[in-house]
Amino acid sequence: MARIIGGIGTSHVPTIGVAYDKGKQEDPSWSPLFKGYEPARQWLAEKKPDVLIFFYNDHLNAFFYDLYPTFAIGVAPGYDVADEGAGRRPLPILPGHPGLSAHIAECLVNEEFDPAVFQDRPLDHGVFSPLPLLWPHKDNWPGAVVPIEVNVVQHPLPTAMRCWKLGKALRRAIESYPEDITVAVVGTGGLSHQIHGERTGYNDTEWDMRFIELIEKDPEQLAKMKHVDYIRLGGAESVEVIMWLAMRGALSDDITKVHQNYYLATTTAMTVLVFEENNPEAPRAAPRAGNPQLEGVDAIEGTYAFDIATGRDRLRLNRFFWEMKDPAARAAFSADERVACERAGLTPEETRLVLERDWLGLVRYGANFFVLEKFARLSGRSNLEVYAEMRGETFEEFLATRQVPGAR
């Protein structure tokens, strides 16, 4: 079964990435920061976790206010680096862990958390600012990451207590994952800083030290605080340290702080803490596989539940149909169907299913009907006609089974 070996709290200041890319590791102004991360890097090199779970916030690089989720879990096989306005940073594609991420999403939903799931979105400095300081990556990263986005950008934010409970639920999810892997949980953000308004540049080292003490010894006291308390004590943007509470909630009470570094250079108190589980082999939750809400669904004839794995594995095909809401995509398909399929990168099997209008075959393959119906409209089929074809009936035979056959 999967097990948690420890947790890391780390700042994700974007200037860390800038200094790293410019090779300022030995610069007197930056060396206290980079040297402060070396013990954390050594700890990870020694423990060799298979997966890092990152609690981070997106800084309006992959999400925007038209749809900014409170919680979102990445379920992709890999993640690119977001271009934040100065070009893509020269870092390798970051591997994901689709199996664990889907399992976590299922577990959290079953515990009545409601995370969104995402695939085709890059990660910004919320992950990629501290990650190069923690993991070697000349050619490839040494493990995988499961990114969990938390809204600390637009109020209302999740409460500190909600993040604490999220971490507790995450631990139960990890411990029930049947694969034998090790996991470290990373909470990012802060510490004290404010980067807007007349209070820009605010810091409070005394509060930072108090926070560091509490996150180790009495995190529930922090969980009971309101956002306004964090803003008053640490500055408006320091409220993002509630993501540290999610990390801490995923750890047991039996931990040791094995490293701490604090460095206040300009506007943000940059910090890294490492907590190690003293007994990672302690009894854990019983392993489980699959979504308990769907147990037995395979026995329901003619039914194909659309789940996270299907959405991930058939992303390209479903996007092809989803884009049929765009007049240009419809026109391109109408002009040359096979070429449109090739441009979309569809496989020969996917192309055959599309060209033959094999509705049932497409559903069995993993097409979601709510994008498939957009393609049906382009093909001159109504939903009712598609229903009939999936049932292997003529349109008239299908209508004869309806309560109001004239409602077409």
# chains A, B, ... in the order shown; residues from 1 in each chain; ligands from 1
>>> residues_around(residues="A:Pro130", least_positions_apart="3", cutoff="9 Å", atoms="only C-alpha atoms", output="ChimeraX atom specification")
/A:10-14,16-17,37,125-127,133-134,188
>>> write_last_selection(atoms="C-alpha atoms", output="short mmCIF file (atom, residue, chain, number, x, y, z; two decimals), in the first residue's frame")
data_model
loop_
_atom_site.label_atom_id
_atom_site.label_comp_id
_atom_site.auth_asym_id
_atom_site.auth_seq_id
_atom_site.Cartn_x
_atom_site.Cartn_y
_atom_site.Cartn_z
CA THR A 10 7.99 25.76 1.05
CA SER A 11 7.64 29.23 -0.36
CA HIS A 12 6.91 29.49 -4.07
CA VAL A 13 8.14 33.03 -4.72
CA PRO A 14 8.53 33.53 -8.50
CA ILE A 16 13.32 32.03 -6.77
CA GLY A 17 12.82 30.58 -10.24
CA TYR A 37 17.14 24.18 0.40
CA HIS A 125 5.60 28.94 -10.25
CA GLY A 126 3.31 27.60 -7.53
CA VAL A 127 4.99 24.28 -8.33
CA LEU A 133 15.59 23.29 -5.67
CA LEU A 134 14.18 20.05 -4.29
CA THR A 188 3.48 25.86 -0.77
#
>>> residues_around(residues="A:Ile181", least_positions_apart="6", cutoff="7 Å", atoms="only C-alpha atoms", output="ChimeraX atom specification")
/A:1-3,50
>>> residues_around(residues="stretch 222-238 of chain A", least_positions_apart="3", cutoff="9 Å", atoms="only C-alpha atoms", output="MDAnalysis selection string")
chainID A and resid 152:153 157 159:164 189:196 199:205 207:208 211 214:215 218:219 241:242 245 268
>>> write_last_selection(atoms="N, CA and C atoms", output="JSON list (two decimals), in the first residue's frame")
[["chain", "number", "residue", "atom", "x", "y", "z"],
["A", 152, "VAL", "N", -6.43, 30.45, -3.47],
["A", 152, "VAL", "CA", -6.07, 31.47, -2.48],
["A", 152, "VAL", "C", -5.92, 32.81, -3.18],
["A", 153, "VAL", "N", -6.66, 32.96, -4.28],
["A", 153, "VAL", "CA", -6.55, 34.15, -5.12],
["A", 153, "VAL", "C", -7.80, 35.01, -5.05],
["A", 157, "LEU", "N", -12.19, 32.13, -0.14],
["A", 157, "LEU", "CA", -11.23, 31.05, -0.17],
["A", 157, "LEU", "C", -11.74, 29.91, 0.71],
["A", 159, "THR", "N", -11.71, 27.72, 3.89],
["A", 159, "THR", "CA", -11.26, 28.09, 5.22],
["A", 159, "THR", "C", -9.99, 27.32, 5.58],
["A", 160, "ALA", "N", -9.27, 27.84, 6.55],
["A", 160, "ALA", "CA", -8.08, 27.13, 7.02],
["A", 160, "ALA", "C", -8.48, 25.75, 7.56],
["A", 161, "MET", "N", -9.61, 25.67, 8.23],
["A", 161, "MET", "CA", -10.07, 24.38, 8.75],
["A", 161, "MET", "C", -10.40, 23.42, 7.62],
["A", 162, "ARG", "N", -10.98, 23.95, 6.54],
["A", 162, "ARG", "CA", -11.30, 23.09, 5.38],
["A", 162, "ARG", "C", -10.02, 22.51, 4.78],
["A", 163, "CYS", "N", -8.97, 23.32, 4.70],
["A", 163, "CYS", "CA", -7.70, 22.82, 4.17],
["A", 163, "CYS", "C", -7.09, 21.77, 5.10],
["A", 164, "TRP", "N", -7.20, 22.01, 6.40],
["A", 164, "TRP", "CA", -6.73, 21.03, 7.38],
["A", 164, "TRP", "C", -7.46, 19.69, 7.20],
["A", 189, "GLY", "N", 3.64, 28.25, -0.54],
["A", 189, "GLY", "CA", 3.14, 29.61, -0.33],
["A", 189, "GLY", "C", 3.83, 30.30, 0.83],
["A", 190, "GLY", "N", 3.71, 31.64, 0.84],
["A", 190, "GLY", "CA", 4.15, 32.46, 1.96],
["A", 190, "GLY", "C", 5.67, 32.43, 2.20],
["A", 191, "LEU", "N", 6.08, 32.90, 3.35],
["A", 191, "LEU", "CA", 5.25, 33.21, 4.51],
["A", 191, "LEU", "C", 4.76, 34.66, 4.42],
["A", 192, "SER", "N", 5.10, 35.51, 5.38],
["A", 192, "SER", "CA", 4.49, 36.83, 5.42],
["A", 192, "SER", "C", 4.85, 37.65, 4.19],
["A", 193, "HIS", "N", 3.84, 38.24, 3.58],
["A", 193, "HIS", "CA", 4.07, 39.17, 2.48],
["A", 193, "HIS", "C", 2.74, 39.77, 2.03],
["A", 194, "GLN", "N", 2.83, 40.95, 1.45],
["A", 194, "GLN", "CA", 1.70, 41.58, 0.78],
["A", 194, "GLN", "C", 2.25, 42.27, -0.47],
["A", 195, "ILE", "N", 1.55, 42.08, -1.58],
["A", 195, "ILE", "CA", 2.07, 42.61, -2.85],
["A", 195, "ILE", "C", 1.04, 43.46, -3.56],
["A", 196, "HIS", "N", 0.16, 44.10, -2.82],
["A", 196, "HIS", "CA", -0.77, 45.05, -3.45],
["A", 196, "HIS", "C", -1.11, 46.15, -2.44],
["A", 199, "ARG", "N", -0.03, 48.78, 1.55],
["A", 199, "ARG", "CA", 0.65, 47.90, 2.51],
["A", 199, "ARG", "C", 1.66, 46.98, 1.83],
["A", 200, "THR", "N", 1.88, 47.17, 0.54],
["A", 200, "THR", "CA", 2.86, 46.36, -0.19],
["A", 200, "THR", "C", 4.21, 46.36, 0.52],
["A", 201, "GLY", "N", 4.83, 45.19, 0.62],
["A", 201, "GLY", "CA", 6.12, 45.06, 1.28],
["A", 201, "GLY", "C", 6.02, 44.72, 2.75],
["A", 202, "TYR", "N", 4.80, 44.49, 3.24],
["A", 202, "TYR", "CA", 4.63, 44.16, 4.66],
["A", 202, "TYR", "C", 5.22, 42.79, 4.98],
["A", 203, "ASN", "N", 5.94, 42.71, 6.09],
["A", 203, "ASN", "CA", 6.43, 41.44, 6.62],
["A", 203, "ASN", "C", 6.37, 41.48, 8.14],
["A", 204, "ASP", "N", 6.32, 40.30, 8.75],
["A", 204, "ASP", "CA", 6.36, 40.21, 10.21],
["A", 204, "ASP", "C", 7.09, 38.94, 10.59],
["A", 205, "THR", "N", 8.38, 39.06, 10.88],
["A", 205, "THR", "CA", 9.19, 37.88, 11.20],
["A", 205, "THR", "C", 8.73, 37.23, 12.49],
["A", 207, "TRP", "N", 5.68, 36.95, 13.63],
["A", 207, "TRP", "CA", 4.55, 36.09, 13.30],
["A", 207, "TRP", "C", 5.00, 34.87, 12.50],
["A", 208, "ASP", "N", 5.94, 35.05, 11.59],
["A", 208, "ASP", "CA", 6.44, 33.91, 10.82],
["A", 208, "ASP", "C", 7.01, 32.84, 11.74],
["A", 211, "PHE", "N", 4.19, 31.08, 13.41],
["A", 211, "PHE", "CA", 3.52, 30.18, 12.48],
["A", 211, "PHE", "C", 4.31, 28.88, 12.33],
["A", 214, "LEU", "N", 3.77, 26.74, 15.31],
["A", 214, "LEU", "CA", 2.42, 26.16, 15.39],
["A", 214, "LEU", "C", 2.17, 25.10, 14.33],
["A", 215, "ILE", "N", 2.70, 25.30, 13.12],
["A", 215, "ILE", "CA", 2.44, 24.31, 12.07],
["A", 215, "ILE", "C", 3.05, 22.97, 12.46],
["A", 218, "ASP", "N", 1.08, 22.67, 16.95],
["A", 218, "ASP", "CA", -0.34, 22.88, 17.23],
["A", 218, "ASP", "C", -1.05, 23.40, 15.98],
["A", 219, "PRO", "N", -1.05, 22.62, 14.91],
["A", 219, "PRO", "CA", -1.64, 23.11, 13.66],
["A", 219, "PRO", "C", -3.13, 23.39, 13.75],
["A", 241, "VAL", "N", -0.75, 30.46, 3.08],
["A", 241, "VAL", "CA", -0.16, 29.43, 3.96],
["A", 241, "VAL", "C", -1.21, 28.44, 4.44],
["A", 242, "ILE", "N", -2.49, 28.67, 4.17],
["A", 242, "ILE", "CA", -3.47, 27.63, 4.49],
["A", 242, "ILE", "C", -3.16, 26.36, 3.71],
["A", 245, "LEU", "N", -1.37, 24.02, 5.81],
["A", 245, "LEU", "CA", -2.23, 23.26, 6.71],
["A", 245, "LEU", "C", -2.74, 22.00, 6.04],
["A", 268, "THR", "N", 9.07, 38.83, 0.43],
["A", 268, "THR", "CA", 8.41, 37.63, 0.96],
["A", 268, "THR", "C", 9.37, 36.86, 1.85]]
>>> atom_distance(atom1="atom CA of A:Ala328", atom2="atom CA of A:Leu346")
18.2 Å
>>> select_by_dssp(residues="stretch 163-389 of chain A", states="alpha helix (DSSP H)", output="ChimeraX atom specification")
/A:163-175,205-217,219-223,227-234,242-249,308-313,315-322,327-335,337-343,348-355,359-365,369-378,383-389
>>> residues_around(residues="stretch 91-93 of chain A", least_positions_apart="3", cutoff="7 Å", atoms="only C-alpha atoms", output="list of chain:residue names")
A:Gly78, A:Tyr79, A:Asp80, A:Asp139, A:Asn140
>>> select_by_dssp(residues="stretch 100-215 of chain A", states="strand (DSSP E)", output="JSON, numbers by chain")
{"A": [116, 117, 118, 144, 145, 146, 147, 148, 149, 150, 182, 183, 184, 185, 186, 187, 188]}
>>> write_last_selection(atoms="N, CA, C and O atoms", output="mmCIF file, in the first residue's frame")
data_model
loop_
_atom_site.group_PDB
_atom_site.id
_atom_site.type_symbol
_atom_site.label_atom_id
_atom_site.label_comp_id
_atom_site.auth_asym_id
_atom_site.auth_seq_id
_atom_site.Cartn_x
_atom_site.Cartn_y
_atom_site.Cartn_z
ATOM 1 N N ALA A 116 -12.477 19.824 -8.607
ATOM 2 C CA ALA A 116 -12.470 19.672 -10.058
ATOM 3 C C ALA A 116 -11.276 18.804 -10.418
ATOM 4 O O ALA A 116 -10.363 18.599 -9.609
ATOM 5 N N VAL A 117 -11.285 18.259 -11.629
ATOM 6 C CA VAL A 117 -10.105 17.554 -12.138
ATOM 7 C C VAL A 117 -9.677 18.246 -13.426
ATOM 8 O O VAL A 117 -10.510 18.763 -14.166
ATOM 9 N N PHE A 118 -8.367 18.290 -13.656
ATOM 10 C CA PHE A 118 -7.887 18.939 -14.869
ATOM 11 C C PHE A 118 -6.774 18.097 -15.481
ATOM 12 O O PHE A 118 -6.129 17.296 -14.802
ATOM 13 N N ALA A 144 7.234 11.442 -9.841
ATOM 14 C CA ALA A 144 6.021 12.047 -10.390
ATOM 15 C C ALA A 144 5.430 13.022 -9.376
ATOM 16 O O ALA A 144 5.755 12.995 -8.184
ATOM 17 N N VAL A 145 4.550 13.888 -9.881
ATOM 18 C CA VAL A 145 3.857 14.867 -9.039
ATOM 19 C C VAL A 145 2.361 14.751 -9.246
ATOM 20 O O VAL A 145 1.889 14.558 -10.373
ATOM 21 N N VAL A 146 1.617 14.846 -8.156
ATOM 22 C CA VAL A 146 0.168 15.028 -8.220
ATOM 23 C C VAL A 146 -0.109 16.456 -7.757
ATOM 24 O O VAL A 146 0.067 16.768 -6.575
ATOM 25 N N PRO A 147 -0.503 17.358 -8.661
ATOM 26 C CA PRO A 147 -0.764 18.746 -8.257
ATOM 27 C C PRO A 147 -2.196 18.924 -7.770
ATOM 28 O O PRO A 147 -3.145 18.476 -8.429
ATOM 29 N N ILE A 148 -2.346 19.561 -6.626
ATOM 30 C CA ILE A 148 -3.669 19.885 -6.091
ATOM 31 C C ILE A 148 -3.750 21.398 -5.945
ATOM 32 O O ILE A 148 -3.104 21.988 -5.077
ATOM 33 N N GLU A 149 -4.525 22.019 -6.831
ATOM 34 C CA GLU A 149 -4.685 23.478 -6.832
ATOM 35 C C GLU A 149 -5.671 23.890 -5.746
ATOM 36 O O GLU A 149 -6.697 23.237 -5.534
ATOM 37 N N VAL A 150 -5.335 24.976 -5.053
ATOM 38 C CA VAL A 150 -6.194 25.546 -4.008
ATOM 39 C C VAL A 150 -6.412 27.017 -4.327
ATOM 40 O O VAL A 150 -5.451 27.744 -4.618
ATOM 41 N N THR A 182 5.878 5.295 -2.149
ATOM 42 C CA THR A 182 6.072 6.256 -1.070
ATOM 43 C C THR A 182 5.753 7.658 -1.570
ATOM 44 O O THR A 182 5.999 7.988 -2.729
ATOM 45 N N VAL A 183 5.210 8.474 -0.662
ATOM 46 C CA VAL A 183 4.697 9.792 -1.017
ATOM 47 C C VAL A 183 5.200 10.820 -0.016
ATOM 48 O O VAL A 183 5.209 10.566 1.198
ATOM 49 N N ALA A 184 5.610 11.976 -0.512
ATOM 50 C CA ALA A 184 5.857 13.150 0.326
ATOM 51 C C ALA A 184 4.865 14.229 -0.085
ATOM 52 O O ALA A 184 4.573 14.390 -1.275
ATOM 53 N N VAL A 185 4.334 14.939 0.894
ATOM 54 C CA VAL A 185 3.316 15.957 0.650
ATOM 55 C C VAL A 185 3.948 17.328 0.827
ATOM 56 O O VAL A 185 4.646 17.580 1.819
ATOM 57 N N VAL A 186 3.705 18.201 -0.147
ATOM 58 C CA VAL A 186 4.316 19.535 -0.153
ATOM 59 C C VAL A 186 3.222 20.585 -0.082
ATOM 60 O O VAL A 186 2.286 20.580 -0.885
ATOM 61 N N GLY A 187 3.337 21.481 0.884
ATOM 62 C CA GLY A 187 2.457 22.643 0.954
ATOM 63 C C GLY A 187 3.249 23.877 0.584
ATOM 64 O O GLY A 187 4.376 24.069 1.070
ATOM 65 N N THR A 188 2.706 24.722 -0.272
ATOM 66 C CA THR A 188 3.479 25.859 -0.771
ATOM 67 C C THR A 188 2.825 27.188 -0.401
ATOM 68 O O THR A 188 1.654 27.255 -0.053
#
>>> closest_residue(among="A:Leu317, A:Val297, A:Leu33, A:Leu384", to="A:Ala265", atoms="only C-alpha atoms")
A:Leu33
>>> closest_residue(among="A:Tyr177, A:Trp244, A:Phe333, A:Tyr56", to="A:Thr271", atoms="only C-alpha atoms")
A:Trp244
>>> closest_residue(among="A:Thr15, A:Ala400, A:Met247, A:Ile8", to="A:Thr267", atoms="only C-alpha atoms")
A:Thr15
>>> residues_around(residues="stretch 381-383 of chain A", least_positions_apart="4", cutoff="12 Å", atoms="only C-alpha atoms", output="PyMOL selection string")
chain A and resi 357+359+369-377+387-390+395+398+408
>>> residues_around(residues="A:Asn368", least_positions_apart="4", cutoff="10 Å", atoms="only C-alpha atoms", output="ChimeraX atom specification")
/A:304-307,310-311,314,317-318,321-322,362-364,372-373
>>> closest_residue(among="A:Tyr365, A:Tyr263, A:Phe63, A:Trp135", to="A:Asp120", atoms="only C-alpha atoms")
A:Phe63
>>> closest_residue(among="A:Ala331, A:Ala169, A:Leu294, A:Ile73", to="A:Phe54", atoms="only C-alpha atoms")
A:Ile73
>>> closest_residue(among="A:Leu44, A:Ser334, A:Gly197, A:His259", to="A:Ile212", atoms="only C-alpha atoms")
A:His259
